[in-house]
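See below for model.cif, which holds mmCIF, C-alpha atoms.
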```cif
data_query
loop_
_atom_site.group_PDB
_atom_site.id
_atom_site.type_symbol
_atom_site.label_atom_id
_atom_site.label_comp_id
_atom_site.auth_asym_id
_atom_site.auth_seq_id
_atom_site.Cartn_x
_atom_site.Cartn_y
_atom_site.Cartn_z
ATOM 1 C CA MET U 1344 9.248 -1.372 9.511
ATOM 2 C CA ASN U 1345 11.459 -3.297 7.155
ATOM 3 C CA ILE U 1346 14.197 -1.081 5.676
ATOM 4 C CA PHE U 1347 13.203 -2.187 2.170
ATOM 5 C CA GLU U 1348 9.491 -1.403 2.598
ATOM 6 C CA PRO U 1349 9.671 2.252 1.422
ATOM 7 C CA ILE U 1350 11.743 1.198 -1.594
ATOM 8 C CA ILE U 1351 9.284 -1.558 -2.528
ATOM 9 C CA ASN U 1352 6.330 0.828 -2.072
ATOM 10 C CA ASN U 1353 7.959 3.472 -4.301
ATOM 11 C CA LEU U 1354 8.663 0.803 -6.896
ATOM 12 C CA ASP U 1355 5.020 -0.301 -6.757
ATOM 13 C CA ASN U 1356 3.849 3.301 -7.225
ATOM 14 C CA ALA U 1357 6.142 3.668 -10.245
ATOM 15 C CA ILE U 1358 4.915 0.393 -11.747
ATOM 16 C CA HIS U 1359 1.307 1.533 -11.425
ATOM 17 C CA LYS U 1360 2.147 4.599 -13.503
ATOM 18 C CA SER U 1361 3.853 2.557 -16.223
ATOM 19 C CA LYS U 1362 3.057 -0.136 -18.755
ATOM 20 C CA LEU U 1363 4.045 -2.758 -16.183
ATOM 21 C CA LYS U 1364 0.779 -2.375 -14.229
ATOM 22 C CA ASP U 1365 -1.103 -5.691 -14.006
ATOM 23 C CA THR U 1366 1.866 -7.711 -15.230
ATOM 24 C CA PHE U 1367 3.952 -10.428 -13.609
ATOM 25 C CA VAL U 1368 6.286 -7.749 -12.210
ATOM 26 C CA ASP U 1369 3.368 -5.907 -10.568
ATOM 27 C CA ASP U 1370 2.060 -9.170 -9.094
ATOM 28 C CA PHE U 1371 5.523 -10.020 -7.768
ATOM 29 C CA ILE U 1372 5.834 -6.623 -6.033
ATOM 30 C CA HIS U 1373 2.395 -7.096 -4.419
ATOM 31 C CA ASP U 1374 3.441 -10.552 -3.195
ATOM 32 C CA LEU U 1375 6.608 -9.038 -1.768
ATOM 33 C CA GLN U 1376 4.617 -6.284 -0.015
ATOM 34 C CA ARG U 1377 2.298 -8.881 1.554
ATOM 35 C CA TYR U 1378 5.282 -10.933 2.691
ATOM 36 C CA ILE U 1379 6.890 -7.904 4.351
ATOM 37 C CA LEU U 1380 3.579 -6.999 5.986
ATOM 38 C CA ARG U 1381 3.187 -10.490 7.449
ATOM 39 C CA GLN U 1382 6.713 -10.257 8.845
ATOM 40 C CA ASN U 1383 5.810 -7.010 10.618
ATOM 41 C CA MET U 1384 2.368 -7.740 12.084
ATOM 42 C CA ASN U 1385 3.116 -5.584 15.133
ATOM 43 C CA TYR U 1386 2.343 -2.432 13.133
ATOM 44 C CA ASP U 1387 0.454 0.142 15.207
ATOM 45 C CA TYR U 1388 -2.635 0.856 13.103
ATOM 46 C CA SER U 1389 -3.598 3.750 15.380
ATOM 47 C CA LYS U 1390 -0.863 5.705 13.551
ATOM 48 C CA LEU U 1391 -2.811 5.621 10.263
ATOM 49 C CA PRO U 1392 -3.844 9.124 9.141
ATOM 50 C CA LYS U 1393 -7.449 9.776 10.160
ATOM 51 C CA ASN U 1394 -8.271 12.869 8.063
ATOM 52 C CA THR U 1395 -6.731 11.641 4.841
ATOM 53 C CA ILE U 1396 -8.670 10.406 1.844
ATOM 54 C CA PHE U 1397 -7.006 7.224 0.629
ATOM 55 C CA GLU U 1398 -7.081 5.887 -2.906
ATOM 56 C CA VAL U 1399 -7.549 2.118 -2.758
ATOM 57 C CA ASP U 1400 -4.947 0.326 -4.849
ATOM 58 C CA TYR U 1401 -6.175 -3.209 -4.156
ATOM 59 C CA ILE U 1402 -7.775 -5.319 -1.423
ATOM 60 C CA GLU U 1403 -6.306 -8.778 -0.860
ATOM 61 C CA ASP U 1404 -5.469 -11.202 1.910
ATOM 62 C CA GLY U 1405 -7.344 -9.234 4.573
ATOM 63 C CA PHE U 1406 -5.721 -5.873 3.851
ATOM 64 C CA ALA U 1407 -6.366 -2.822 1.691
ATOM 65 C CA SER U 1408 -3.326 -1.334 0.047
ATOM 66 C CA CYS U 1409 -3.981 2.406 -0.199
ATOM 67 C CA LEU U 1410 -2.229 5.563 -1.333
ATOM 68 C CA ASP U 1411 -2.332 8.780 0.659
ATOM 69 C CA THR U 1412 -3.802 11.282 -1.813
ATOM 70 C CA ALA U 1413 -2.721 14.292 0.282
ATOM 71 C CA GLN U 1414 0.954 13.743 -0.474
ATOM 72 C CA LYS U 1415 2.788 14.795 -3.620
ATOM 73 C CA HIS U 1416 4.527 11.421 -3.729
ATOM 74 C CA SER U 1417 1.789 9.195 -2.338
ATOM 75 C CA GLU U 1418 2.883 7.057 0.564
ATOM 76 C CA LYS U 1419 1.398 3.577 0.609
ATOM 77 C CA TYR U 1420 -0.535 2.404 3.671
ATOM 78 C CA ILE U 1421 -1.813 -1.063 4.446
ATOM 79 C CA ILE U 1422 -5.175 -1.008 6.236
ATOM 80 C CA PRO U 1423 -6.446 -4.238 7.839
ATOM 81 C CA PHE U 1424 -9.797 -5.615 6.692
ATOM 82 C CA GLU U 1425 -11.331 -5.182 10.164
ATOM 83 C CA LEU U 1426 -10.929 -1.384 9.867
ATOM 84 C CA LEU U 1427 -12.795 -1.298 6.535
ATOM 85 C CA ASP U 1428 -16.518 -0.632 6.341
ATOM 86 C CA GLU U 1429 -18.447 -2.798 3.883
ATOM 87 C CA SER U 1430 -18.845 0.247 1.611
ATOM 88 C CA ALA U 1431 -15.053 0.584 1.407
ATOM 89 C CA LEU U 1432 -14.738 -2.810 -0.265
ATOM 90 C CA LYS U 1433 -16.296 -1.523 -3.480
ATOM 91 C CA SER U 1434 -14.844 1.974 -3.464
ATOM 92 C CA ASP U 1435 -11.881 3.684 -5.030
ATOM 93 C CA TYR U 1436 -11.582 6.258 -2.205
ATOM 94 C CA ILE U 1437 -11.965 5.806 1.557
ATOM 95 C CA GLN U 1438 -11.695 7.953 4.676
ATOM 96 C CA PHE U 1439 -11.849 7.267 8.415
ATOM 97 C CA ASP U 1440 -15.279 8.108 9.884
ATOM 98 C CA GLY U 1441 -14.328 7.730 13.545
ATOM 99 C CA THR U 1442 -14.652 3.960 13.736
ATOM 100 C CA LYS U 1443 -13.880 2.549 10.278
ATOM 101 C CA TYR U 1444 -12.675 3.558 6.842
ATOM 102 C CA THR U 1445 -15.745 4.136 4.643
ATOM 103 C CA ALA U 1446 -16.325 4.956 0.970
ATOM 104 C CA VAL U 1447 -16.178 8.620 -0.044
ATOM 105 C CA PRO U 1448 -16.701 10.330 -3.424
ATOM 106 C CA ASN U 1449 -13.763 10.862 -5.709
ATOM 107 C CA PRO U 1450 -12.137 14.113 -4.473
ATOM 108 C CA TYR U 1451 -10.659 14.710 -7.943
ATOM 109 C CA LYS U 1452 -13.827 14.172 -9.963
ATOM 110 C CA ASN U 1453 -14.077 17.782 -11.129
ATOM 111 C CA TYR U 1454 -10.337 18.286 -11.715
ATOM 112 C CA HIS U 1455 -8.895 17.933 -15.192
#
```

Can I see the file as structure tokens?
Amino acid sequence: MNIFEPIINNLDNAIHKSKLKDTFVDDFIHDLQRYILRQNMNYDYSKLPKNTIFEVDYIEDGFASCLDTAQKHSEKYIIPFELLDESALKSDYIQFDGTKYTAVPNPYKNYH
């Protein structure tokens, strides 16, 4: 893992909670995240949480950028396209079903 990756991911999370979401700055951070990911393609995807429901941030360039909804300060995970079920491509929330990450209902639907 690149030493700047957690910092960039925290910055991205903060941007998504601000008025800067979907701006040039947000796009730049996503480009930077993809660049770092390509530099570290030896990531062991077996270490991805299997019981966690992920909130999909975006899907681009063969990867889904997801937030771990079980954490107070959501950690960002990058899930490769080959681990995503077709249903996950059109979903806001995904979870591992034993072979792939598939779409699940919004776990916060009834919370206010």

Would you pick out the contacts of Ile1350 in chain U at 12 Å or less, using all atoms listed in the file, so that residues sharing its chain but fewer than 4 positions from it are not included, and give the list as a list of chain:residue names?
U:Met1344, U:Asn1345, U:Ile1346, U:Leu1354, U:Asp1355, U:Asn1356, U:Ala1357, U:Ile1372, U:Leu1375, U:Gln1376, U:Ile1379, U:Glu1418, U:Lys1419

Write out as a JSON list (two decimals) with C-alpha atoms, keeping the file's coordinate frame the residues lying within 8 Å of Tyr1444 in chain U, counting only C-alpha atoms and excluding same-chain residues fewer than 6 positions away.
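Writing done, so here's out09.json:
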```json
[["chain", "number", "residue", "atom", "x", "y", "z"],
["U", 1426, "LEU", "CA", -10.93, -1.38, 9.87],
["U", 1427, "LEU", "CA", -12.80, -1.30, 6.54],
["U", 1428, "ASP", "CA", -16.52, -0.63, 6.34],
["U", 1431, "ALA", "CA", -15.05, 0.58, 1.41],
["U", 1437, "ILE", "CA", -11.96, 5.81, 1.56],
["U", 1438, "GLN", "CA", -11.70, 7.95, 4.68]]
```

Which one is closest to Thr1395 in chain U: U:Ala1407, U:Ala1413, U:Val1447, U:Leu1432? Count only C-alpha atoms.
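Closest to Thr1395 in chain U of all the choices is U:Ala1413.
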
Å distance separating CA of Phe1367 in chain U from CA of Ile1351 in chain U, one decimal place
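CA of Phe1367 in chain U sits 15.2 Å away from CA of Ile1351 in chain U.
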
In terms of the shortest atom-to-atom distance over all atoms listed in the file, which of U:Leu1391, U:Leu1410, U:Ile1402, U:Ile1422 is closest to Asn1353 in chain U?
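Ranked by minimum distance to Asn1353 in chain U, first place goes to U:Leu1410.
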
Coordinates-based distance that separates CA of Phe1439 in chain U from CA of Pro1349 in chain U (Å, one decimal)
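That distance, rounded to one decimal, is 23.2 Å.
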
Around all the atoms of range 1363-1375 of chain U listed in the file, draw an axis-aligned box and extend it by 6 Å on each of the six sides; I want its centre and edge lengths in Å to one decimal, as JSON.
```
{"center_x": 2.8, "center_y": -6.5, "center_z": -9.0, "size_x": 19.7, "size_y": 20.2, "size_z": 26.4}
```

Excluding Asp1435 in chain U and residues on its chain fewer than 3 positions from it, collect all residues at most 8 Å away from it, counting only C-alpha atoms, and give them as a PyMOL selection string.
chain U and resi 1398-1400+1431+1446+1449
